[in-house]
file structure-v1.csv (CSV, C-alpha atoms)
chain,number,residue,atom,x,y,z
J,145,MET,CA,196.3,-13.3,136.8
J,146,LYS,CA,196.7,-13.6,140.5
J,147,LYS,CA,198.2,-11.1,143.0
J,148,ILE,CA,200.4,-12.8,145.5
J,149,ALA,CA,202.5,-11.6,148.5
J,150,LEU,CA,205.3,-13.7,149.9
J,151,GLU,CA,208.6,-13.4,151.5
J,152,VAL,CA,211.7,-14.3,149.5
J,153,ASN,CA,215.1,-14.4,151.3
J,154,GLY,CA,213.7,-12.1,154.0
J,155,LYS,CA,212.3,-9.5,151.6
J,156,LYS,CA,208.6,-8.9,151.1
J,157,VAL,CA,207.5,-9.4,147.5
J,158,THR,CA,204.2,-8.6,145.9
J,159,LYS,CA,203.6,-9.6,142.3
J,160,GLU,CA,200.9,-10.2,139.7
J,161,ILE,CA,201.5,-13.6,138.2
J,162,SER,CA,199.8,-15.9,135.7
J,163,ASP,CA,197.8,-18.7,137.3
J,164,HIS,CA,200.1,-21.3,135.8
J,165,THR,CA,203.4,-19.7,136.9
J,166,THR,CA,205.5,-22.1,138.9
J,167,LEU,CA,207.6,-21.1,141.9
J,168,SER,CA,210.8,-21.7,139.8
J,169,GLY,CA,209.4,-19.4,137.1
J,170,LEU,CA,208.6,-16.7,139.6
J,171,LEU,CA,212.1,-16.9,141.1
J,172,ARG,CA,214.0,-17.0,137.9
J,173,ASP,CA,212.0,-15.0,135.4
J,174,ILE,CA,210.3,-12.4,137.5
J,175,LEU,CA,212.5,-12.0,140.5
J,176,ASN,CA,215.8,-12.6,138.6
J,177,LEU,CA,217.0,-15.1,141.2
J,178,THR,CA,218.7,-17.4,138.7
J,179,GLY,CA,220.6,-19.4,141.3
J,180,THR,CA,217.7,-21.8,141.4
J,181,HIS,CA,218.2,-24.0,138.4
J,182,ILE,CA,215.7,-25.8,136.3
J,183,GLY,CA,217.0,-29.2,135.1
J,184,CYS,CA,214.3,-31.8,134.3
J,185,ASP,CA,211.4,-29.4,135.1
J,186,THR,CA,209.3,-32.4,136.3
J,187,SER,CA,210.5,-32.8,139.9
J,188,GLN,CA,213.0,-35.5,139.4
J,189,CYS,CA,216.5,-33.9,139.3
J,190,GLY,CA,216.3,-31.6,142.3
J,191,ALA,CA,218.3,-28.7,140.8
J,192,CYS,CA,215.4,-26.4,141.7
J,193,VAL,CA,215.1,-27.2,145.4
J,194,VAL,CA,214.3,-24.2,147.6
J,195,HIS,CA,212.9,-24.0,151.1
J,196,VAL,CA,209.2,-23.0,151.6
J,197,ASP,CA,208.2,-22.3,155.2
J,198,GLY,CA,211.3,-24.1,156.4
J,199,LYS,CA,211.0,-27.3,154.3
J,200,SER,CA,212.8,-28.3,151.1
J,201,ILE,CA,210.6,-28.6,148.0
J,202,LYS,CA,211.1,-28.7,144.3
J,203,SER,CA,210.1,-25.3,143.1
J,204,CYS,CA,209.4,-26.5,139.5
J,205,THR,CA,206.5,-28.4,140.8
J,206,ALA,CA,204.8,-25.8,143.0
J,207,LEU,CA,202.4,-23.2,141.7
J,208,ALA,CA,203.4,-19.7,142.7
J,209,ALA,CA,199.7,-18.9,143.2
J,210,ASP,CA,199.4,-21.5,145.9
J,211,LEU,CA,202.3,-20.1,147.9
J,212,ASP,CA,200.6,-16.8,148.7
J,213,GLY,CA,201.8,-15.9,152.2
J,214,SER,CA,204.7,-18.3,152.3
J,215,LYS,CA,208.4,-17.7,153.3
J,216,VAL,CA,210.8,-18.8,150.6
J,217,THR,CA,214.6,-19.2,150.9
J,218,THR,CA,216.7,-19.8,147.8
J,219,ILE,CA,220.4,-20.4,147.4
J,220,GLU,CA,220.9,-16.6,147.2
J,221,GLY,CA,219.5,-16.3,150.7
J,222,LEU,CA,222.0,-18.6,152.4
J,223,ALA,CA,225.1,-16.4,152.6
J,224,SER,CA,225.0,-13.6,155.2
J,225,ASN,CA,227.0,-10.4,155.1
J,226,GLY,CA,229.0,-11.6,152.2
J,227,LYS,CA,230.1,-14.8,154.1
J,228,LEU,CA,229.2,-18.2,152.6
J,229,HIS,CA,226.9,-20.5,154.5
J,230,PRO,CA,228.9,-23.4,156.0
J,231,MET,CA,227.3,-25.8,153.6
J,232,GLN,CA,228.5,-23.7,150.6
J,233,GLU,CA,231.9,-23.4,152.2
J,234,ALA,CA,232.1,-27.2,152.6
J,235,PHE,CA,231.1,-27.9,149.0
J,236,LYS,CA,233.9,-25.6,147.9
J,237,LYS,CA,236.4,-27.1,150.3
J,238,MET,CA,235.6,-30.8,149.5
J,239,HIS,CA,235.2,-30.3,145.7
J,240,GLY,CA,231.5,-31.2,146.0
J,241,LEU,CA,230.8,-30.0,142.5
J,242,GLN,CA,232.2,-30.0,139.0
J,243,CYS,CA,229.9,-28.2,136.5
J,244,GLY,CA,227.8,-26.8,139.3
J,245,PHE,CA,224.4,-27.1,137.7
J,246,CYS,CA,222.9,-29.3,140.4
J,247,THR,CA,224.8,-27.6,143.3
J,248,PRO,CA,222.1,-25.0,144.4
J,249,GLY,CA,219.6,-27.9,144.8
J,250,MET,CA,222.1,-30.1,146.5
J,251,VAL,CA,223.1,-27.4,149.0
J,252,MET,CA,219.4,-26.5,149.7
J,253,SER,CA,218.5,-30.2,150.3
J,254,ALA,CA,221.6,-30.8,152.4
J,255,VAL,CA,220.8,-27.7,154.6
J,256,ASP,CA,217.3,-29.1,155.2
J,257,LEU,CA,218.8,-32.5,156.2
J,258,LEU,CA,221.1,-31.0,158.8
J,259,LYS,CA,218.1,-29.1,160.3
J,260,ASN,CA,216.5,-32.4,161.1
J,261,LYS,CA,219.6,-34.5,161.6
J,262,LYS,CA,222.7,-32.9,163.1
J,263,ASN,CA,225.2,-35.7,162.3
J,264,PRO,CA,223.9,-37.9,159.5
J,265,THR,CA,225.7,-41.1,158.4
J,266,ASP,CA,226.9,-41.5,154.9
J,267,GLN,CA,223.9,-43.7,154.2
J,268,GLU,CA,221.4,-41.1,155.6
J,269,ILE,CA,223.0,-38.4,153.5
J,270,ARG,CA,222.7,-40.6,150.4
J,271,ASP,CA,219.1,-41.5,151.2
J,272,TRP,CA,218.2,-37.8,151.7
J,273,LEU,CA,219.8,-36.7,148.5
J,274,GLU,CA,217.9,-39.3,146.5
J,275,GLY,CA,215.9,-36.5,144.8
J,276,ASN,CA,219.0,-34.6,143.7
J,277,ILE,CA,220.8,-35.9,140.6
J,278,CYS,CA,224.4,-35.0,139.8
J,279,ARG,CA,225.9,-36.1,136.5
J,280,CYS,CA,229.5,-35.2,137.3
J,281,THR,CA,230.8,-36.1,140.7
J,282,GLY,CA,229.5,-39.6,141.4
J,283,TYR,CA,228.3,-38.2,144.8
J,284,HIS,CA,231.4,-39.1,146.8
J,285,ASN,CA,232.6,-35.6,147.4
J,286,ILE,CA,229.0,-34.3,147.8
J,287,VAL,CA,228.6,-36.7,150.8
J,288,ALA,CA,232.0,-35.7,152.1
J,289,ALA,CA,230.9,-32.0,151.8
J,290,VAL,CA,227.7,-32.6,153.8
J,291,LYS,CA,229.7,-34.4,156.5
J,292,GLU,CA,232.2,-31.6,156.6
J,293,ALA,CA,229.4,-29.0,157.0
J,294,ALA,CA,227.8,-31.1,159.7
J,295,SER,CA,231.0,-31.0,161.7
J,296,LYS,CA,231.1,-27.2,161.4
J,297,MET,CA,227.4,-26.3,162.0
W,88,MET,CA,202.3,-25.8,130.5
W,89,LYS,CA,198.9,-24.7,129.1
W,90,THR,CA,197.3,-22.1,131.2
W,91,PHE,CA,194.3,-22.7,133.5
W,92,ASN,CA,192.2,-20.9,136.1
W,93,TYR,CA,193.6,-21.4,139.5
W,94,HIS,CA,191.2,-21.5,142.4
W,95,SER,CA,191.9,-22.0,146.1
W,96,ALA,CA,188.9,-23.5,147.7
W,97,LYS,CA,188.0,-22.5,151.2
W,98,ASP,CA,185.9,-25.6,152.0
W,99,VAL,CA,185.0,-28.9,150.4
W,100,LYS,CA,181.6,-27.6,149.3
W,101,GLU,CA,183.2,-24.8,147.3
W,102,ALA,CA,185.8,-27.2,145.8
W,103,SER,CA,183.1,-29.6,144.7
W,104,LYS,CA,181.0,-26.7,143.2
W,105,LEU,CA,183.9,-25.4,141.2
W,106,ALA,CA,184.7,-28.9,139.8
W,107,SER,CA,183.6,-30.1,136.3
W,108,SER,CA,184.6,-32.7,133.8
W,109,ASN,CA,187.4,-30.3,132.7
W,110,SER,CA,188.9,-29.6,136.1
W,111,ALA,CA,191.3,-31.3,138.6
W,112,PHE,CA,191.7,-31.0,142.3
W,113,LEU,CA,195.2,-30.0,143.3
W,114,ALA,CA,196.8,-31.2,146.6
W,115,GLY,CA,200.6,-31.8,146.4
W,116,GLY,CA,200.6,-31.7,142.6
W,117,MET,CA,203.4,-34.2,142.4
W,118,THR,CA,201.7,-35.9,139.4
W,119,THR,CA,199.2,-33.3,138.3
W,120,ILE,CA,201.8,-30.6,137.6
W,121,PRO,CA,204.4,-32.7,135.7
W,122,SER,CA,201.6,-34.3,133.7
W,123,MET,CA,200.4,-30.9,132.6
W,124,LYS,CA,203.9,-29.8,131.8
W,125,LEU,CA,204.5,-32.9,129.7
W,126,GLY,CA,201.2,-32.3,127.8
W,127,LEU,CA,199.7,-35.5,129.2
W,128,ALA,CA,196.9,-33.6,130.8
W,129,SER,CA,195.3,-30.2,130.6
W,130,TYR,CA,192.4,-28.6,132.6
W,131,LYS,CA,190.3,-25.5,132.4
W,132,ASP,CA,190.3,-25.2,136.2
W,133,ILE,CA,192.7,-26.3,138.9
W,134,ILE,CA,191.1,-26.3,142.3
W,135,ASP,CA,193.5,-26.2,145.1
W,136,ILE,CA,192.2,-28.0,148.2
W,137,LYS,CA,195.4,-27.6,150.3
W,138,ARG,CA,194.0,-24.7,152.4
W,139,ILE,CA,191.0,-26.7,153.6
W,140,LYS,CA,192.0,-27.4,157.1
W,141,LYS,CA,189.7,-30.3,157.9
W,142,LEU,CA,191.3,-32.3,155.0
W,143,SER,CA,194.6,-32.6,156.8
W,144,GLY,CA,195.6,-34.6,159.9
W,145,ILE,CA,195.9,-38.0,161.5
W,146,LYS,CA,193.5,-39.6,164.0
W,147,VAL,CA,193.9,-42.9,165.7
W,148,SER,CA,191.0,-44.7,167.4
W,149,GLY,CA,191.0,-48.2,168.9
W,150,LYS,CA,190.7,-50.0,165.7
W,151,THR,CA,191.5,-47.6,162.9
W,152,VAL,CA,193.9,-44.9,161.7
W,153,THR,CA,192.2,-42.1,159.8
W,154,ILE,CA,194.4,-39.9,157.6
W,155,GLY,CA,193.1,-36.7,156.0
W,156,ALA,CA,193.4,-36.5,152.2
W,157,THR,CA,195.9,-33.6,152.1
W,158,THR,CA,198.2,-35.1,154.8
W,159,LYS,CA,201.7,-35.2,153.4
W,160,HIS,CA,203.8,-38.3,153.1
W,161,SER,CA,206.4,-36.8,155.4
W,162,GLU,CA,203.7,-36.2,158.0
W,163,VAL,CA,202.6,-39.9,157.9
W,164,ALA,CA,206.2,-41.1,157.9
W,165,SER,CA,207.1,-39.1,161.0
W,166,SER,CA,203.8,-39.5,162.9
W,167,LYS,CA,204.3,-41.1,166.3
W,168,ASP,CA,200.7,-42.3,166.2
W,169,VAL,CA,201.0,-44.0,162.9
W,170,LYS,CA,204.4,-45.5,163.8
W,171,LYS,CA,202.8,-47.0,166.9
W,172,ALA,CA,199.5,-48.2,165.4
W,173,ILE,CA,200.6,-49.4,161.9
W,174,PRO,CA,204.4,-49.1,161.6
W,175,SER,CA,204.4,-50.6,158.1
W,176,LEU,CA,202.2,-47.6,156.9
W,177,ALA,CA,204.7,-45.1,158.3
W,178,ALA,CA,207.5,-47.0,156.7
W,179,LEU,CA,205.7,-47.1,153.3
W,180,ALA,CA,205.3,-43.3,153.5
W,181,GLU,CA,209.0,-42.9,154.2
W,182,GLY,CA,209.8,-44.8,151.1
W,183,ILE,CA,207.8,-42.7,148.6
W,184,GLY,CA,209.8,-40.7,146.1
W,185,ASP,CA,212.4,-38.5,147.7
W,186,PRO,CA,212.3,-36.0,150.7
W,187,GLN,CA,211.0,-33.1,148.6
W,188,VAL,CA,208.2,-35.2,147.1
W,189,ARG,CA,207.3,-36.4,150.6
W,190,ASN,CA,207.2,-32.8,151.7
W,191,ARG,CA,204.5,-31.9,149.1
W,192,GLY,CA,202.8,-35.2,148.0
W,193,THR,CA,199.6,-36.2,149.7
W,194,ILE,CA,197.9,-39.5,150.5
W,195,GLY,CA,194.6,-38.4,148.9
W,196,GLY,CA,196.4,-37.3,145.7
W,197,SER,CA,198.2,-40.7,145.5
W,198,ILE,CA,195.1,-42.8,145.7
W,199,ALA,CA,193.0,-40.5,143.5
W,200,ASN,CA,195.7,-40.7,140.8
W,201,ASN,CA,195.9,-44.5,141.2
W,202,ASP,CA,199.2,-44.9,139.5
W,203,PRO,CA,199.7,-48.6,138.9
W,204,ALA,CA,203.1,-48.4,140.6
W,205,ALA,CA,202.1,-46.1,143.5
W,206,ASP,CA,202.6,-47.4,147.1
W,207,TYR,CA,199.5,-46.2,149.0
W,208,PRO,CA,196.9,-48.2,146.9
W,209,SER,CA,198.5,-51.4,148.2
W,210,ALA,CA,198.1,-50.2,151.8
W,211,CYS,CA,194.4,-49.4,151.1
W,212,ILE,CA,193.9,-53.0,149.9
W,213,ALA,CA,195.9,-54.7,152.6
W,214,LEU,CA,194.5,-52.6,155.5
W,215,ASN,CA,190.8,-52.8,154.5
W,216,ALA,CA,190.7,-49.1,154.0
W,217,THR,CA,187.5,-47.1,153.6
W,218,ILE,CA,187.8,-44.0,151.5
W,219,HIS,CA,185.5,-41.2,152.8
W,220,THR,CA,184.5,-38.6,150.2
W,221,ASN,CA,182.2,-35.6,150.5
W,222,ASN,CA,179.2,-37.8,149.7
W,223,ARG,CA,180.0,-41.5,150.4
W,224,SER,CA,182.3,-44.0,152.0
W,225,ILE,CA,183.9,-46.5,149.6
W,226,ASP,CA,185.7,-49.8,150.3
W,227,ALA,CA,189.2,-49.9,148.8
W,228,GLU,CA,188.4,-53.1,146.9
W,229,LYS,CA,185.7,-51.1,145.0
W,230,PHE,CA,187.6,-47.8,144.8
W,231,PHE,CA,190.5,-48.8,142.5
W,232,ARG,CA,189.1,-49.5,139.0
W,233,GLY,CA,192.0,-49.7,136.6
W,234,MET,CA,195.1,-47.9,135.4
W,235,PHE,CA,194.9,-44.4,136.7
W,236,GLU,CA,191.2,-45.0,137.2
W,237,THR,CA,189.0,-44.9,140.4
W,238,CYS,CA,185.3,-44.8,141.0
W,239,LEU,CA,185.5,-41.1,142.0
W,240,LYS,CA,183.1,-38.7,140.2
W,241,SER,CA,184.6,-35.4,138.9
W,242,THR,CA,183.0,-33.3,141.6
W,243,GLU,CA,183.8,-35.8,144.4
W,244,VAL,CA,186.5,-34.9,146.9
W,245,ILE,CA,188.3,-37.4,149.0
W,246,GLU,CA,188.2,-36.2,152.6
W,247,SER,CA,190.0,-39.0,154.5
W,248,ILE,CA,191.2,-42.6,154.3
W,249,GLU,CA,190.4,-44.9,157.2
W,250,PHE,CA,192.7,-47.9,157.7
W,251,SER,CA,192.0,-50.9,159.9
W,252,ILE,CA,194.8,-51.6,162.4
W,253,PRO,CA,196.1,-55.1,161.6
W,254,GLN,CA,197.5,-57.6,164.0
W,255,LYS,CA,200.7,-57.6,162.0
W,256,SER,CA,201.8,-56.2,158.6
W,257,SER,CA,204.7,-55.3,156.4
W,258,TYR,CA,205.1,-53.6,153.0
W,259,GLN,CA,208.1,-54.6,150.9
W,260,LYS,CA,209.0,-53.2,147.5
W,261,LEU,CA,211.5,-53.5,144.8
W,262,PRO,CA,211.9,-49.8,144.0
W,263,ASN,CA,212.8,-48.5,140.6
W,264,PRO,CA,216.3,-47.2,141.3
W,265,ALA,CA,215.6,-43.8,139.7
W,266,SER,CA,212.0,-42.9,140.6
W,267,ARG,CA,211.5,-45.1,143.7
W,268,TYR,CA,208.1,-46.2,142.3
W,269,ALA,CA,207.5,-49.8,142.9
W,270,ILE,CA,208.5,-52.2,140.1
W,271,VAL,CA,206.7,-54.6,142.5
W,272,GLY,CA,205.4,-53.8,146.0
W,273,VAL,CA,203.7,-56.3,148.3
W,274,TYR,CA,201.7,-55.3,151.4
W,275,VAL,CA,200.9,-58.3,153.7
W,276,ALA,CA,198.5,-57.7,156.5
W,277,GLN,CA,197.0,-60.1,159.0
W,278,HIS,CA,193.7,-59.0,160.5
W,279,LYS,CA,191.4,-61.0,162.9
W,280,THR,CA,189.0,-61.2,159.9
W,281,GLY,CA,191.6,-62.5,157.4
W,282,ILE,CA,194.8,-61.9,155.5
W,283,ASN,CA,195.2,-59.5,152.6
W,284,VAL,CA,198.1,-59.3,150.2
W,285,GLY,CA,198.0,-56.0,148.3
W,286,VAL,CA,200.2,-56.0,145.2
W,287,THR,CA,201.2,-52.9,143.4
W,288,GLY,CA,203.5,-52.3,140.4
W,289,ALA,CA,202.8,-55.7,138.9
W,290,LYS,CA,199.6,-55.2,136.9
W,291,SER,CA,197.7,-52.2,135.5
W,292,CYS,CA,196.0,-51.8,138.8
W,293,VAL,CA,196.6,-52.7,142.4
W,294,TYR,CA,195.0,-56.0,143.5
W,295,ASN,CA,194.5,-58.4,146.4
W,296,ASP,CA,196.3,-61.6,145.6
W,297,LYS,CA,193.8,-64.2,146.9
W,298,ASP,CA,196.1,-67.2,146.2
W,299,LEU,CA,198.9,-65.8,148.3
W,300,ALA,CA,196.4,-64.7,151.0
W,301,GLY,CA,194.8,-68.2,150.9
W,302,ALA,CA,198.2,-69.9,151.4
W,303,LEU,CA,199.1,-67.6,154.3
W,304,THR,CA,195.7,-68.2,155.9
W,305,LYS,CA,196.6,-71.9,156.2
W,306,ASN,CA,200.1,-71.3,157.3
W,307,PHE,CA,201.4,-67.8,158.0
W,308,SER,CA,205.0,-68.3,157.0
W,309,SER,CA,207.2,-67.5,154.0
W,310,SER,CA,207.6,-71.1,153.2
W,311,ALA,CA,203.9,-71.4,152.6
W,312,ILE,CA,204.4,-69.1,149.6
W,313,ASP,CA,206.9,-71.5,147.9
W,314,SER,CA,204.1,-73.7,146.6
W,315,VAL,CA,202.0,-70.9,145.3
W,316,LYS,CA,202.2,-70.4,141.5
W,317,VAL,CA,202.1,-66.7,140.7
W,318,SER,CA,201.1,-66.4,137.0
W,319,SER,CA,202.7,-63.7,134.9
W,320,SER,CA,199.6,-63.4,132.8
W,321,GLY,CA,198.3,-59.8,132.8
W,322,MET,CA,201.5,-58.5,134.5
W,323,ASN,CA,203.3,-55.4,133.2
W,324,SER,CA,206.3,-55.8,130.9
W,325,ASP,CA,208.5,-52.9,130.2
W,326,ILE,CA,212.1,-51.8,130.1
W,327,HIS,CA,212.5,-52.2,133.8
W,328,ALA,CA,211.1,-55.7,134.2
W,329,SER,CA,209.5,-58.4,132.1
W,330,SER,CA,206.2,-59.9,133.2
W,331,ASP,CA,207.9,-63.2,134.2
W,332,TYR,CA,210.4,-61.3,136.4
W,333,ARG,CA,207.6,-59.3,138.0
W,334,ALA,CA,205.7,-62.5,138.8
W,335,ASN,CA,208.8,-63.9,140.4
W,336,MET,CA,209.3,-60.7,142.4
W,337,VAL,CA,205.7,-60.8,143.7
W,338,LYS,CA,206.6,-64.1,145.3
W,339,ALA,CA,210.0,-63.0,146.5
W,340,PHE,CA,208.6,-59.7,148.1
W,341,ALA,CA,205.6,-61.5,149.6
W,342,LYS,CA,208.0,-63.8,151.3
W,343,LYS,CA,210.1,-60.9,152.5
W,344,ALA,CA,207.0,-59.1,153.8
W,345,VAL,CA,205.9,-62.2,155.7
W,346,ASP,CA,209.3,-62.6,157.2
W,347,ALA,CA,209.3,-58.9,158.3
W,348,CYS,CA,205.8,-59.1,159.9
call {"tool": "encode", "arguments": {"input": "structure-v1.csv", "output": "structure tokens"}}
result
Amino acid sequence: MKKIALEVNGKKVTKEISDHTTLSGLLRDILNLTGTHIGCDTSQCGACVVHVDGKSIKSCTALAADLDGSKVTTIEGLASNGKLHPMQEAFKKMHGLQCGFCTPGMVMSAVDLLKNKKNPTDQEIRDWLEGNICRCTGYHNIVAAVKEAASKM
Amino acid sequence: MKTFNYHSAKDVKEASKLASSNSAFLAGGMTTIPSMKLGLASYKDIIDIKRIKKLSGIKVSGKTVTIGATTKHSEVASSKDVKKAIPSLAALAEGIGDPQVRNRGTIGGSIANNDPAADYPSACIALNATIHTNNRSIDAEKFFRGMFETCLKSTEVIESIEFSIPQKSSYQKLPNPASRYAIVGVYVAQHKTGINVGVTGAKSCVYNDKDLAGALTKNFSSSAIDSVKVSSSGMNSDIHASSDYRANMVKAFAKKAVDAC
């Protein structure tokens, strides 16, 4: 067992965890933050994307023990005062989801993209979302949603 | 995932001391963690080397670019120094996996794993790299031994990789559409001392294609490659590509690389 202290969505968290606990496991099973989804569990599908110290990573492939002292933002940390983040709003408006399973990861990846590139082209959005797999939408509306968010942010 | 003891090493000496035949060093974990989850690997001890500061960073001297073992792909891809000294190396890093993999995965991890389809091993071959560990310096040609196999000992830690700056170079790959691993990747580099053609994805281990390098030494143009026969013998054959197809792609992507130099 390891004791770790980290910040999750602005709140300080101290927990005893097993050495092999992943960040996705910590978030979902210990902190009950089930907005972060686990799809493939081997860092291919991107449903588990969260931000660690400002950068998007796949939380299923990071050990919680090695994130001691980090700042983590999950999908639950995007909305503020009950108001959706512009990226969430854009996914809703542009129908950027159907079943919604991949959406938390899509949104977290897309937010990271706009941090680095304010007005990405369609191709840049598609390239950036390479690590996020959606089996419903065919990506067209997801790209449209990211563009819509870019125009609002 | 089977349980293990997690250690965060404070320096290379401690990391090496903790290591055994039943341990693995952890950097980005982009292969190690999924392999453990899939039951393909299990270890008693996982030794995290990410917090060892001296293992990360990029240094450019007159003739070489030295990259610390735990430097992430995204750092290499966005480094102004690498882009200026060896643009093809920054471009290679930008093409690995996806953004989240590039934010975690490291150059040392990639070459220590020596996946037959990984990108960085071809750069090591093409750019006459020297792999510096905690107790020796190894030429890239001797470092990569076979499929997922290197000459590293279990207590040996890669500290940095030193690349020679070529006169011109380009890396071109046919990526698997899902994983972005190279079905075939060809890294052509022209140095004052000679030409290397590092090929990844095609065989069980990265190699320097001497026939292609020989043809390019006589005439550095893509047409020089036309007359070279690339044999499919010993090439990988799987659901993504047959060995004959791979052999053809080695030629096609070597030409593409030469044209892009």
call {"tool": "closest_atom_pairs", "arguments": {"input": "structure-v1.csv", "of": "chain J", "to": "chain W", "cutoff": "7 Å", "atoms": "only C-alpha atoms", "output": "JSON lines"}}
result
{"residue": "J:Asp163", "atom": "CA", "partner": "W:Tyr93", "partner_atom": "CA", "distance": 5.5}
{"residue": "J:His164", "atom": "CA", "partner": "W:Thr90", "partner_atom": "CA", "distance": 5.4}
{"residue": "J:Thr186", "atom": "CA", "partner": "W:Pro121", "partner_atom": "CA", "distance": 4.9}
{"residue": "J:Ser200", "atom": "CA", "partner": "W:Gln187", "partner_atom": "CA", "distance": 5.7}
{"residue": "J:Ile201", "atom": "CA", "partner": "W:Gln187", "partner_atom": "CA", "distance": 4.6}
{"residue": "J:Lys202", "atom": "CA", "partner": "W:Gln187", "partner_atom": "CA", "distance": 6.2}
{"residue": "J:Thr205", "atom": "CA", "partner": "W:Ile120", "partner_atom": "CA", "distance": 6.1}
{"residue": "J:Trp272", "atom": "CA", "partner": "W:Pro186", "partner_atom": "CA", "distance": 6.2}
{"residue": "J:Glu274", "atom": "CA", "partner": "W:Asp185", "partner_atom": "CA", "distance": 5.7}
{"residue": "J:Gly275", "atom": "CA", "partner": "W:Asp185", "partner_atom": "CA", "distance": 5.0}
call {"tool": "write_last_selection", "arguments": {"input": "structure-v1.csv", "atoms": "C-alpha atoms", "output": "short mmCIF file (atom, residue, chain, number, x, y, z; two decimals), in the coordinates of the input"}}
result
data_model
loop_
_atom_site.label_atom_id
_atom_site.label_comp_id
_atom_site.auth_asym_id
_atom_site.auth_seq_id
_atom_site.Cartn_x
_atom_site.Cartn_y
_atom_site.Cartn_z
CA ASP J 163 197.80 -18.70 137.30
CA HIS J 164 200.10 -21.30 135.80
CA THR J 186 209.30 -32.40 136.30
CA SER J 200 212.80 -28.30 151.10
CA ILE J 201 210.60 -28.60 148.00
CA LYS J 202 211.10 -28.70 144.30
CA THR J 205 206.50 -28.40 140.80
CA TRP J 272 218.20 -37.80 151.70
CA GLU J 274 217.90 -39.30 146.50
CA GLY J 275 215.90 -36.50 144.80
#
call {"tool": "atom_distance", "arguments": {"input": "structure-v1.csv", "atom1": "atom CA of Lys171 of chain W", "atom2": "atom CA of Lys261 of chain J"}}
result
21.6 Å
call {"tool": "residues_around", "arguments": {"input": "structure-v1.csv", "residues": "Arg172 of chain J", "least_positions_apart": "2", "cutoff": "12 Å", "atoms": "all atoms listed in the file", "output": "list in words"}}
result
Thr165, Thr166, Leu167, Ser168, Gly169, Leu170, Ile174, Leu175, Asn176, Leu177, Thr178, Gly179, Thr180, His181, Ile182, Cys192, Ser203, Cys204, Ala208, Thr218, Ile219 and Glu220 of chain J
call {"tool": "residues_around", "arguments": {"input": "structure-v1.csv", "residues": "segment 276-292 of chain J", "least_positions_apart": "6", "cutoff": "8 Å", "atoms": "all atoms listed in the file", "output": "list in words"}}
result
Gln188, Cys189, Gly190, Ala191, Met231, Ala234, Phe235, Lys237, Met238, His239, Gly240, Leu241, Gln242, Cys243, Cys246, Gly249, Met250, Ser253, Ala254, Asn263, Pro264, Asp266, Ile269 and Arg270 of chain J
call {"tool": "closest_residue", "arguments": {"input": "structure-v1.csv", "among": "J:Lys262, J:Lys236, J:Lys146, J:Lys199", "to": "Ser162 of chain J", "atoms": "all atoms listed in the file"}}
result
J:Lys146
call {"tool": "atom_distance", "arguments": {"input": "structure-v1.csv", "atom1": "atom CA of Cys292 of chain W", "atom2": "atom CA of Leu261 of chain W"}}
result
16.7 Å
call {"tool": "residues_around", "arguments": {"input": "structure-v1.csv", "residues": "segment 215-230 of chain W", "least_positions_apart": "5", "cutoff": "8 Å", "atoms": "only C-alpha atoms", "output": "list in words"}}
result
Val99, Ala210, Thr237, Cys238, Leu239, Glu243, Val244, Ile245, Glu246, Ser247, Ile248, Glu249, Phe250, Ser251 and Tyr294 of chain W
call {"tool": "atom_distance", "arguments": {"input": "structure-v1.csv", "atom1": "atom CA of Gly226 of chain J", "atom2": "atom CA of Thr247 of chain J"}}
result
18.8 Å
call {"tool": "residues_around", "arguments": {"input": "structure-v1.csv", "residues": "Gly233 of chain W", "least_positions_apart": "3", "cutoff": "9 Å", "atoms": "all atoms listed in the file", "output": "CSV table (one decimal) with C-alpha atoms, in the coordinates of the input"}}
result
chain,number,residue,atom,x,y,z
W,201,ASN,CA,195.9,-44.5,141.2
W,203,PRO,CA,199.7,-48.6,138.9
W,236,GLU,CA,191.2,-45.0,137.2
W,237,THR,CA,189.0,-44.9,140.4
W,291,SER,CA,197.7,-52.2,135.5
W,292,CYS,CA,196.0,-51.8,138.8
W,293,VAL,CA,196.6,-52.7,142.4
call {"tool": "residues_around", "arguments": {"input": "structure-v1.csv", "residues": "segment 318-331 of chain W", "least_positions_apart": "3", "cutoff": "10 Å", "atoms": "only C-alpha atoms", "output": "ChimeraX atom specification"}}
result
/W:203,263-264,270-271,288-292,315,334-337
call {"tool": "closest_residue", "arguments": {"input": "structure-v1.csv", "among": "W:Ser129, W:Thr153, W:Ser166, W:Thr242", "to": "Phe112 of chain W", "atoms": "all atoms listed in the file"}}
result
W:Thr242
call {"tool": "closest_residue", "arguments": {"input": "structure-v1.csv", "among": "J:Val216, J:Leu171, J:Leu222, J:Leu150", "to": "Asp197 of chain J", "atoms": "all atoms listed in the file"}}
result
J:Val216
